[in-house]
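Peer 1: input15.pdb is the file, holding PDB, C-alpha atoms:
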ATOM      1  CA  VAL A 164       0.000   0.000   0.000  1.00  0.00           C
ATOM      2  CA  GLN A 165       1.270   3.435  -0.896  1.00  0.00           C
ATOM      3  CA  LEU A 166       0.127   6.568   0.876  1.00  0.00           C
ATOM      4  CA  VAL A 167       0.615   9.938  -0.781  1.00  0.00           C
ATOM      5  CA  GLU A 168       0.101  12.955   1.447  1.00  0.00           C
ATOM      6  CA  SER A 169      -0.330  16.511   0.296  1.00  0.00           C
ATOM      7  CA  GLY A 170      -1.541  19.879   1.483  1.00  0.00           C
ATOM      8  CA  GLY A 171       1.049  20.922   4.028  1.00  0.00           C
ATOM      9  CA  GLY A 172       2.718  24.293   3.997  1.00  0.00           C
ATOM     10  CA  LEU A 173       3.577  27.492   5.796  1.00  0.00           C
ATOM     11  CA  VAL A 174       0.688  29.625   7.011  1.00  0.00           C
ATOM     12  CA  GLN A 175       0.012  32.318   9.554  1.00  0.00           C
ATOM     13  CA  ALA A 176      -1.863  31.732  12.777  1.00  0.00           C
ATOM     14  CA  GLY A 177      -5.609  31.653  12.213  1.00  0.00           C
ATOM     15  CA  ALA A 178      -5.323  30.319   8.689  1.00  0.00           C
ATOM     16  CA  SER A 179      -6.631  27.029   7.305  1.00  0.00           C
ATOM     17  CA  LEU A 180      -5.098  24.090   5.513  1.00  0.00           C
ATOM     18  CA  ARG A 181      -6.503  20.856   4.146  1.00  0.00           C
ATOM     19  CA  LEU A 182      -4.345  17.754   4.152  1.00  0.00           C
ATOM     20  CA  SER A 183      -5.050  14.836   1.854  1.00  0.00           C
ATOM     21  CA  CYS A 184      -3.813  11.262   1.917  1.00  0.00           C
ATOM     22  CA  ALA A 185      -4.528   8.957  -0.986  1.00  0.00           C
ATOM     23  CA  ALA A 186      -4.042   5.223  -0.547  1.00  0.00           C
ATOM     24  CA  SER A 187      -3.349   2.880  -3.408  1.00  0.00           C
ATOM     25  CA  GLY A 188      -2.243  -0.672  -3.974  1.00  0.00           C
ATOM     26  CA  SER A 189      -4.435  -2.490  -1.484  1.00  0.00           C
ATOM     27  CA  ALA A 190      -6.700  -5.313  -2.506  1.00  0.00           C
ATOM     28  CA  PHE A 191      -8.285  -5.260   0.937  1.00  0.00           C
ATOM     29  CA  SER A 192     -10.764  -2.981   2.574  1.00  0.00           C
ATOM     30  CA  ILE A 193      -9.435   0.005   4.433  1.00  0.00           C
ATOM     31  CA  ASN A 194     -10.682   0.104   7.992  1.00  0.00           C
ATOM     32  CA  VAL A 195      -9.331   3.043   9.944  1.00  0.00           C
ATOM     33  CA  MET A 196      -7.736   6.097   8.369  1.00  0.00           C
ATOM     34  CA  GLY A 197      -6.101   8.699  10.501  1.00  0.00           C
ATOM     35  CA  TRP A 198      -3.703  11.553  10.976  1.00  0.00           C
ATOM     36  CA  TYR A 199      -0.897  11.796  13.499  1.00  0.00           C
ATOM     37  CA  ARG A 200       1.654  14.514  14.060  1.00  0.00           C
ATOM     38  CA  GLN A 201       5.126  14.836  15.447  1.00  0.00           C
ATOM     39  CA  ALA A 202       6.692  18.088  16.525  1.00  0.00           C
ATOM     40  CA  PRO A 203      10.463  18.435  17.006  1.00  0.00           C
ATOM     41  CA  GLY A 204      11.563  16.742  20.196  1.00  0.00           C
ATOM     42  CA  LYS A 205       8.140  15.261  20.862  1.00  0.00           C
ATOM     43  CA  GLN A 206       6.519  11.907  20.369  1.00  0.00           C
ATOM     44  CA  ARG A 207       4.143  11.208  17.538  1.00  0.00           C
ATOM     45  CA  GLU A 208       0.565  11.763  18.650  1.00  0.00           C
ATOM     46  CA  LEU A 209      -2.889  11.082  17.329  1.00  0.00           C
ATOM     47  CA  VAL A 210      -4.668  14.034  15.776  1.00  0.00           C
ATOM     48  CA  ALA A 211      -7.808  12.331  14.479  1.00  0.00           C
ATOM     49  CA  ASP A 212      -8.988   9.119  12.935  1.00  0.00           C
ATOM     50  CA  ILE A 213     -12.082   7.809  11.215  1.00  0.00           C
ATOM     51  CA  SER A 214     -13.393   4.282  10.949  1.00  0.00           C
ATOM     52  CA  SER A 215     -14.948   2.576   7.979  1.00  0.00           C
ATOM     53  CA  GLY A 216     -18.280   3.244   9.681  1.00  0.00           C
ATOM     54  CA  LEU A 217     -17.424   6.965   9.758  1.00  0.00           C
ATOM     55  CA  ARG A 218     -16.938   7.100  13.512  1.00  0.00           C
ATOM     56  CA  THR A 219     -14.483   9.873  14.254  1.00  0.00           C
ATOM     57  CA  ASN A 220     -12.054  10.348  17.093  1.00  0.00           C
ATOM     58  CA  TYR A 221     -10.232  13.599  17.845  1.00  0.00           C
ATOM     59  CA  ALA A 222      -7.477  14.647  20.152  1.00  0.00           C
ATOM     60  CA  ASP A 223      -8.686  17.223  22.637  1.00  0.00           C
ATOM     61  CA  PHE A 224      -6.289  19.857  21.309  1.00  0.00           C
ATOM     62  CA  VAL A 225      -7.987  19.907  17.884  1.00  0.00           C
ATOM     63  CA  LYS A 226     -11.637  19.500  18.795  1.00  0.00           C
ATOM     64  CA  GLY A 227     -13.704  22.213  17.201  1.00  0.00           C
ATOM     65  CA  ARG A 228     -10.894  23.260  14.864  1.00  0.00           C
ATOM     66  CA  PHE A 229     -10.048  20.191  12.766  1.00  0.00           C
ATOM     67  CA  THR A 230     -12.357  17.887  10.842  1.00  0.00           C
ATOM     68  CA  ILE A 231     -11.462  14.491   9.440  1.00  0.00           C
ATOM     69  CA  PHE A 232     -13.412  12.919   6.612  1.00  0.00           C
ATOM     70  CA  ARG A 233     -12.878  10.262   3.995  1.00  0.00           C
ATOM     71  CA  ASP A 234     -13.876   9.460   0.431  1.00  0.00           C
ATOM     72  CA  ASP A 235     -13.861   5.698   0.070  1.00  0.00           C
ATOM     73  CA  ALA A 236     -14.401   5.886  -3.678  1.00  0.00           C
ATOM     74  CA  LYS A 237     -10.993   7.574  -3.857  1.00  0.00           C
ATOM     75  CA  ASN A 238      -9.414   5.771  -0.882  1.00  0.00           C
ATOM     76  CA  THR A 239      -8.576   9.201   0.438  1.00  0.00           C
ATOM     77  CA  VAL A 240      -8.698  10.736   3.886  1.00  0.00           C
ATOM     78  CA  TYR A 241      -8.707  14.450   4.505  1.00  0.00           C
ATOM     79  CA  LEU A 242      -7.940  16.671   7.448  1.00  0.00           C
ATOM     80  CA  GLN A 243      -9.457  20.117   7.346  1.00  0.00           C
ATOM     81  CA  MET A 244      -7.526  22.311   9.733  1.00  0.00           C
ATOM     82  CA  ASN A 245      -8.984  25.666  10.714  1.00  0.00           C
ATOM     83  CA  SER A 246      -7.856  28.306  13.192  1.00  0.00           C
ATOM     84  CA  LEU A 247      -4.316  27.013  13.078  1.00  0.00           C
ATOM     85  CA  LYS A 248      -2.016  27.855  15.951  1.00  0.00           C
ATOM     86  CA  PRO A 249       1.790  27.951  16.134  1.00  0.00           C
ATOM     87  CA  GLU A 250       1.643  24.890  18.392  1.00  0.00           C
ATOM     88  CA  ASP A 251       0.096  22.948  15.510  1.00  0.00           C
ATOM     89  CA  THR A 252       3.467  23.103  13.769  1.00  0.00           C
ATOM     90  CA  ALA A 253       4.593  19.534  13.117  1.00  0.00           C
ATOM     91  CA  VAL A 254       5.055  16.867  10.525  1.00  0.00           C
ATOM     92  CA  TYR A 255       1.666  15.315   9.876  1.00  0.00           C
ATOM     93  CA  TYR A 256       1.520  11.620   9.037  1.00  0.00           C
ATOM     94  CA  CYS A 257      -1.273   9.631   7.491  1.00  0.00           C
ATOM     95  CA  LYS A 258      -1.995   6.171   8.849  1.00  0.00           C
ATOM     96  CA  VAL A 259      -4.155   3.502   7.272  1.00  0.00           C
ATOM     97  CA  VAL A 260      -5.238   0.210   8.798  1.00  0.00           C
ATOM     98  CA  ILE A 261      -6.449  -2.537   6.502  1.00  0.00           C
ATOM     99  CA  SER A 262      -7.585  -6.097   7.148  1.00  0.00           C
ATOM    100  CA  TRP A 263      -6.027  -8.028  10.025  1.00  0.00           C
ATOM    101  CA  GLY A 264      -4.807  -4.803  11.549  1.00  0.00           C
ATOM    102  CA  ILE A 265      -2.027  -4.283   9.058  1.00  0.00           C
ATOM    103  CA  THR A 266      -0.908  -0.666   9.317  1.00  0.00           C
ATOM    104  CA  TYR A 267       0.742   1.642   6.817  1.00  0.00           C
ATOM    105  CA  TRP A 268       2.218   5.093   7.318  1.00  0.00           C
ATOM    106  CA  GLY A 269       2.812   7.914   4.918  1.00  0.00           C
ATOM    107  CA  LEU A 270       6.091   9.806   4.729  1.00  0.00           C
ATOM    108  CA  GLY A 271       4.626  12.909   6.306  1.00  0.00           C
ATOM    109  CA  THR A 272       3.891  16.461   5.265  1.00  0.00           C
ATOM    110  CA  GLN A 273       5.205  19.521   7.056  1.00  0.00           C
ATOM    111  CA  VAL A 274       2.788  22.037   8.526  1.00  0.00           C
ATOM    112  CA  THR A 275       4.307  25.243   9.850  1.00  0.00           C
ATOM    113  CA  VAL A 276       2.211  27.920  11.516  1.00  0.00           C
ATOM    114  CA  SER A 277       3.819  31.273  12.174  1.00  0.00           C
ATOM    115  CA  ALA A 278       2.680  33.616  14.933  1.00  0.00           C
TER
END
Would it be possible to restate this file's structure as structure tokens?
Peer 2:
Amino acid sequence: VQLVESGGGLVQAGASLRLSCAASGSAFSINVMGWYRQAPGKQRELVADISSGLRTNYADFVKGRFTIFRDDAKNTVYLQMNSLKPEDTAVYYCKVVISWGITYWGLGTQVTVSA
């Protein structure tokens, strides 16, 4: 399975970005799709994920600002990020879980939010 992320960049505080992650190469159903992030010197942490039944799960620090959604026809998951803050600066990684719990990670996309 290949995951191609896009949509990162440099923005000012208060701006919006939309990240995309397109999955290809899997003959199996995709169960959970999600986004994680890792800031310099910190551990990778969950931002949000969404199940095949469209149940969503958000980290407290993004509730009300970020929205995760998926397009199963395109095997793509999106993360709409609004009201960005400097502390949102990190590398954002896409994660996909297919059958039997097999997990794949994208290479990451940099999001930088200036004050």
Peer 1: When the PyMOL selection byres ((chain A and resi 255) around 7) is applied to the structure above, which residues does it catch, written out as a list in words?
Peer 2: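 Selected by the PyMOL selection byres ((chain A and resi 255) around 7) in this file: Trp198, Tyr199, Arg200, Gln201, Ala253, Val254, Tyr256, Cys257, Gly271, Thr272, Gln273 and Val274 of chain A.
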Peer 1: Rank A:Tyr267, A:Lys248, A:Gly204, A:Gln165 by their smallest atom-to-atom distance to Phe229 of chain A, using all atoms listed in the file, and report the top residue only.
Peer 2: A:Lys248
Peer 1: For the structure provided, state which residues fall under the PyMOL selection byres ((chain A and resi 227) around 12), and present them as JSON, numbers by chain.
Peer 2: {"A": [211, 220, 221, 222, 223, 224, 225, 226, 228, 229, 230, 231, 243, 244, 245, 246, 247]}
Peer 1: Using only C-alpha atoms for the distances, tell me which of A:Leu217, A:Ala186, A:Leu209, A:Ala178 is nearest to Gly269 of chain A.
Peer 2: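 Closest to Gly269 of chain A, using only C-alpha atoms: A:Ala186.
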Peer 1: Quick check, in Å to one decimal: how far apart do atom CA of Ala176 of chain A and atom CA of Asp251 of chain A lie?
Peer 2: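 Between atom CA of Ala176 of chain A and atom CA of Asp251 of chain A the gap is 9.4 Å.
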Peer 1: Under the rule that all atoms listed in the file are counted, which of A:Ala202, A:Ile261, A:Val240, A:Ala278 is the nearest residue to Leu182 of chain A?
Peer 2: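 Looking at the shortest contact to Leu182 of chain A, the residue is A:Val240.
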Peer 1: Extract, using only C-alpha atoms, all DNA, RNA and protein residues at most 8 Å from Ile193 of chain A, discarding same-chain residues fewer than 4 positions from it, and format them as a list in words.
Peer 2: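 The contact residues come out as Ser215, Asn238, Val259, Val260, Ile261 and Ser262 of chain A.
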Peer 1: Kindly save the residues from that selection, with C-alpha atoms included, as a PDB file, in the coordinates of the input.
Peer 2:
ATOM      1  CA  SER A 215     -14.948   2.576   7.979  1.00  0.00           C
ATOM      2  CA  ASN A 238      -9.414   5.771  -0.882  1.00  0.00           C
ATOM      3  CA  VAL A 259      -4.155   3.502   7.272  1.00  0.00           C
ATOM      4  CA  VAL A 260      -5.238   0.210   8.798  1.00  0.00           C
ATOM      5  CA  ILE A 261      -6.449  -2.537   6.502  1.00  0.00           C
ATOM      6  CA  SER A 262      -7.585  -6.097   7.148  1.00  0.00           C
TER       7      SER A 262
END
Peer 1: Atom CA of Pro203 of chain A and atom CA of Phe232 of chain A are how many Å apart?
Peer 2: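 Pair atom CA of Pro203 of chain A / atom CA of Phe232 of chain A returns 26.6 Å.
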Peer 1: Pick out the closest residue to Met196 of chain A from this set: A:Ser277, A:Ser179, A:Ser169, A:Thr239. Count only C-alpha atoms.
Peer 2: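 Of the candidates, the smallest distance to Met196 of chain A is held by A:Thr239.
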Peer 1: For a test of reading the model, state the distance in Å between atom CA of Arg233 of chain A and atom CA of Thr252 of chain A, rounded to one decimal.
Peer 2: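 For atom CA of Arg233 of chain A relative to atom CA of Thr252 of chain A, the distance reads 23.0 Å.
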